[in-house]
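Q: So that we are looking at the same thing, I have put the structure below in structure tokens.
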Amino acid sequence: MVAKIVFFGVGLLLVGLGVLIWRNKNKMKNECTAQVPGIVSHVEHTTTIKSGQKGTRIKDKYRATFKYSVAGVEYVKQSNNTTGRPTLHEGQSVTVFHDPSNPERYYVVEEGDKIMAPVLLVVFGVVFMVAAPFATMAK
């Protein structure tokens, strides 16, 4: 019985998190309606090395910093997104959509629409919820 409740709860949590992320993305797109040109001012590259039983793993991450101006005020904002390979390059022109009432809230078209995470969360959540009636505790 406990396993069934845990499976269902985890599934519900995953579905809720996926829906929340999806809603926040849509809210940002609905509120950030003003468009200005921007530029990639910097791309930060970090490398992490992890050693374990399966050997050494090297992981590269790239994070862009954007520069754009609204009403004569320049904004320099670091992306919240990281990628495993460089998709944007220093000096590249980008399209910045910002919130007219708060230009610090923005998104960059060229970063793409990252919808895989919320979709996967919802899918795995539904799988957990469907599997809940069949879950049993190992003895």
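Residues are named by chain letter and number: chains run A, B, ... in the order of the structure tokens, numbers start at 1 in each chain, and ligands are numbered from 1 in the order shown.
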Which residues, written as a VMD selection string, have at least one atom at most 12 Å from region 69-83 of chain A, with only C-alpha atoms counted and residues fewer than 2 positions away on the same chain left out?
A: chain A and resid 34 to 47 59 to 67 85 to 88 95 to 114 117
Q: List every residue of region 41-124 of chain A that DSSP, applied to the backbone of this structure, places in strand (DSSP E or B), and write the result as an NGL selection string.
A: :A and (41-52 or 55-70 or 73-78 or 83 or 93-99 or 102-108)
Q: Take the residues from that selection and write them out as an mmCIF file, in the first residue's frame, keeping C-alpha atoms.
A:
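Contents of the output file out-v5.cif:
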```cif
data_model
loop_
_atom_site.group_PDB
_atom_site.id
_atom_site.type_symbol
_atom_site.label_atom_id
_atom_site.label_comp_id
_atom_site.auth_asym_id
_atom_site.auth_seq_id
_atom_site.Cartn_x
_atom_site.Cartn_y
_atom_site.Cartn_z
ATOM 1 C CA SER A 41 28.632 39.418 -25.473
ATOM 2 C CA HIS A 42 30.238 36.340 -23.933
ATOM 3 C CA VAL A 43 29.957 32.554 -23.883
ATOM 4 C CA GLU A 44 31.152 30.960 -20.657
ATOM 5 C CA HIS A 45 32.650 27.486 -21.032
ATOM 6 C CA THR A 46 33.049 25.262 -17.989
ATOM 7 C CA THR A 47 34.405 21.739 -17.838
ATOM 8 C CA THR A 48 33.741 19.314 -15.028
ATOM 9 C CA ILE A 49 35.672 16.110 -14.559
ATOM 10 C CA LYS A 50 34.161 13.309 -12.505
ATOM 11 C CA SER A 51 35.958 10.099 -11.661
ATOM 12 C CA GLY A 52 34.038 7.047 -10.591
ATOM 13 C CA GLY A 55 35.902 5.770 -15.345
ATOM 14 C CA THR A 56 36.465 9.459 -15.851
ATOM 15 C CA ARG A 57 33.717 11.580 -17.377
ATOM 16 C CA ILE A 58 34.341 14.999 -18.838
ATOM 17 C CA LYS A 59 31.334 17.284 -19.215
ATOM 18 C CA ASP A 60 31.381 20.624 -21.018
ATOM 19 C CA LYS A 61 28.759 23.315 -20.428
ATOM 20 C CA TYR A 62 28.204 26.563 -22.303
ATOM 21 C CA ARG A 63 26.231 29.577 -21.051
ATOM 22 C CA ALA A 64 25.704 32.769 -23.052
ATOM 23 C CA THR A 65 25.603 36.343 -21.797
ATOM 24 C CA PHE A 66 23.442 38.790 -23.746
ATOM 25 C CA LYS A 67 23.654 42.549 -24.146
ATOM 26 C CA TYR A 68 20.677 44.646 -25.257
ATOM 27 C CA SER A 69 19.374 48.211 -24.833
ATOM 28 C CA VAL A 70 15.906 49.475 -23.965
ATOM 29 C CA VAL A 73 19.542 51.674 -20.778
ATOM 30 C CA GLU A 74 21.939 48.811 -21.489
ATOM 31 C CA TYR A 75 21.227 45.408 -19.988
ATOM 32 C CA VAL A 76 23.744 42.579 -19.652
ATOM 33 C CA LYS A 77 22.049 39.332 -18.670
ATOM 34 C CA GLN A 78 23.411 35.832 -18.316
ATOM 35 C CA THR A 83 24.016 23.539 -23.302
ATOM 36 C CA SER A 93 23.240 38.993 -33.236
ATOM 37 C CA VAL A 94 20.143 37.765 -31.407
ATOM 38 C CA THR A 95 16.510 38.767 -31.029
ATOM 39 C CA VAL A 96 15.577 39.725 -27.469
ATOM 40 C CA PHE A 97 11.959 39.855 -26.341
ATOM 41 C CA HIS A 98 11.495 41.724 -23.067
ATOM 42 C CA ASP A 99 8.694 42.712 -20.732
ATOM 43 C CA ASN A 102 10.328 45.307 -16.700
ATOM 44 C CA PRO A 103 13.052 45.071 -19.380
ATOM 45 C CA GLU A 104 15.151 42.819 -17.137
ATOM 46 C CA ARG A 105 12.678 40.004 -17.849
ATOM 47 C CA TYR A 106 13.563 38.644 -21.249
ATOM 48 C CA TYR A 107 14.036 35.658 -23.479
ATOM 49 C CA VAL A 108 16.193 35.162 -26.561
#
```
Q: What does the distance from CA of Asn24 (chain A) to CA of Pro118 (chain A) come to in Å, to one decimal?
A: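 Pair CA of Asn24 (chain A) / CA of Pro118 (chain A) returns 10.5 Å.
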Q: Set the distance at 10 Å and use only C-alpha atoms: which residues neighbour Ile21 (chain A) once local chain neighbours fewer than 4 positions away are removed? I'd like the list as a ChimeraX atom specification.
A: /A:16-17,25-27,115,117-119,121
Q: Tell me, in Å to one decimal, how far CA of Val6 (chain A) is from CA of Gly18 (chain A).
A: 18.2 Å
Q: Between CA of Val126 (chain A) and CA of Lys4 (chain A), what distance in Å does the model show, to one decimal?
A: 13.6 Å
Q: In terms of the shortest atom-to-atom distance over only C-alpha atoms, which of A:Cys32, A:Leu120, A:Gln53, A:Glu90 is closest to Leu14 (chain A)?
A: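 Of A:Cys32, A:Leu120, A:Gln53, A:Glu90, the one nearest Leu14 (chain A), counting only C-alpha atoms, is A:Leu120.
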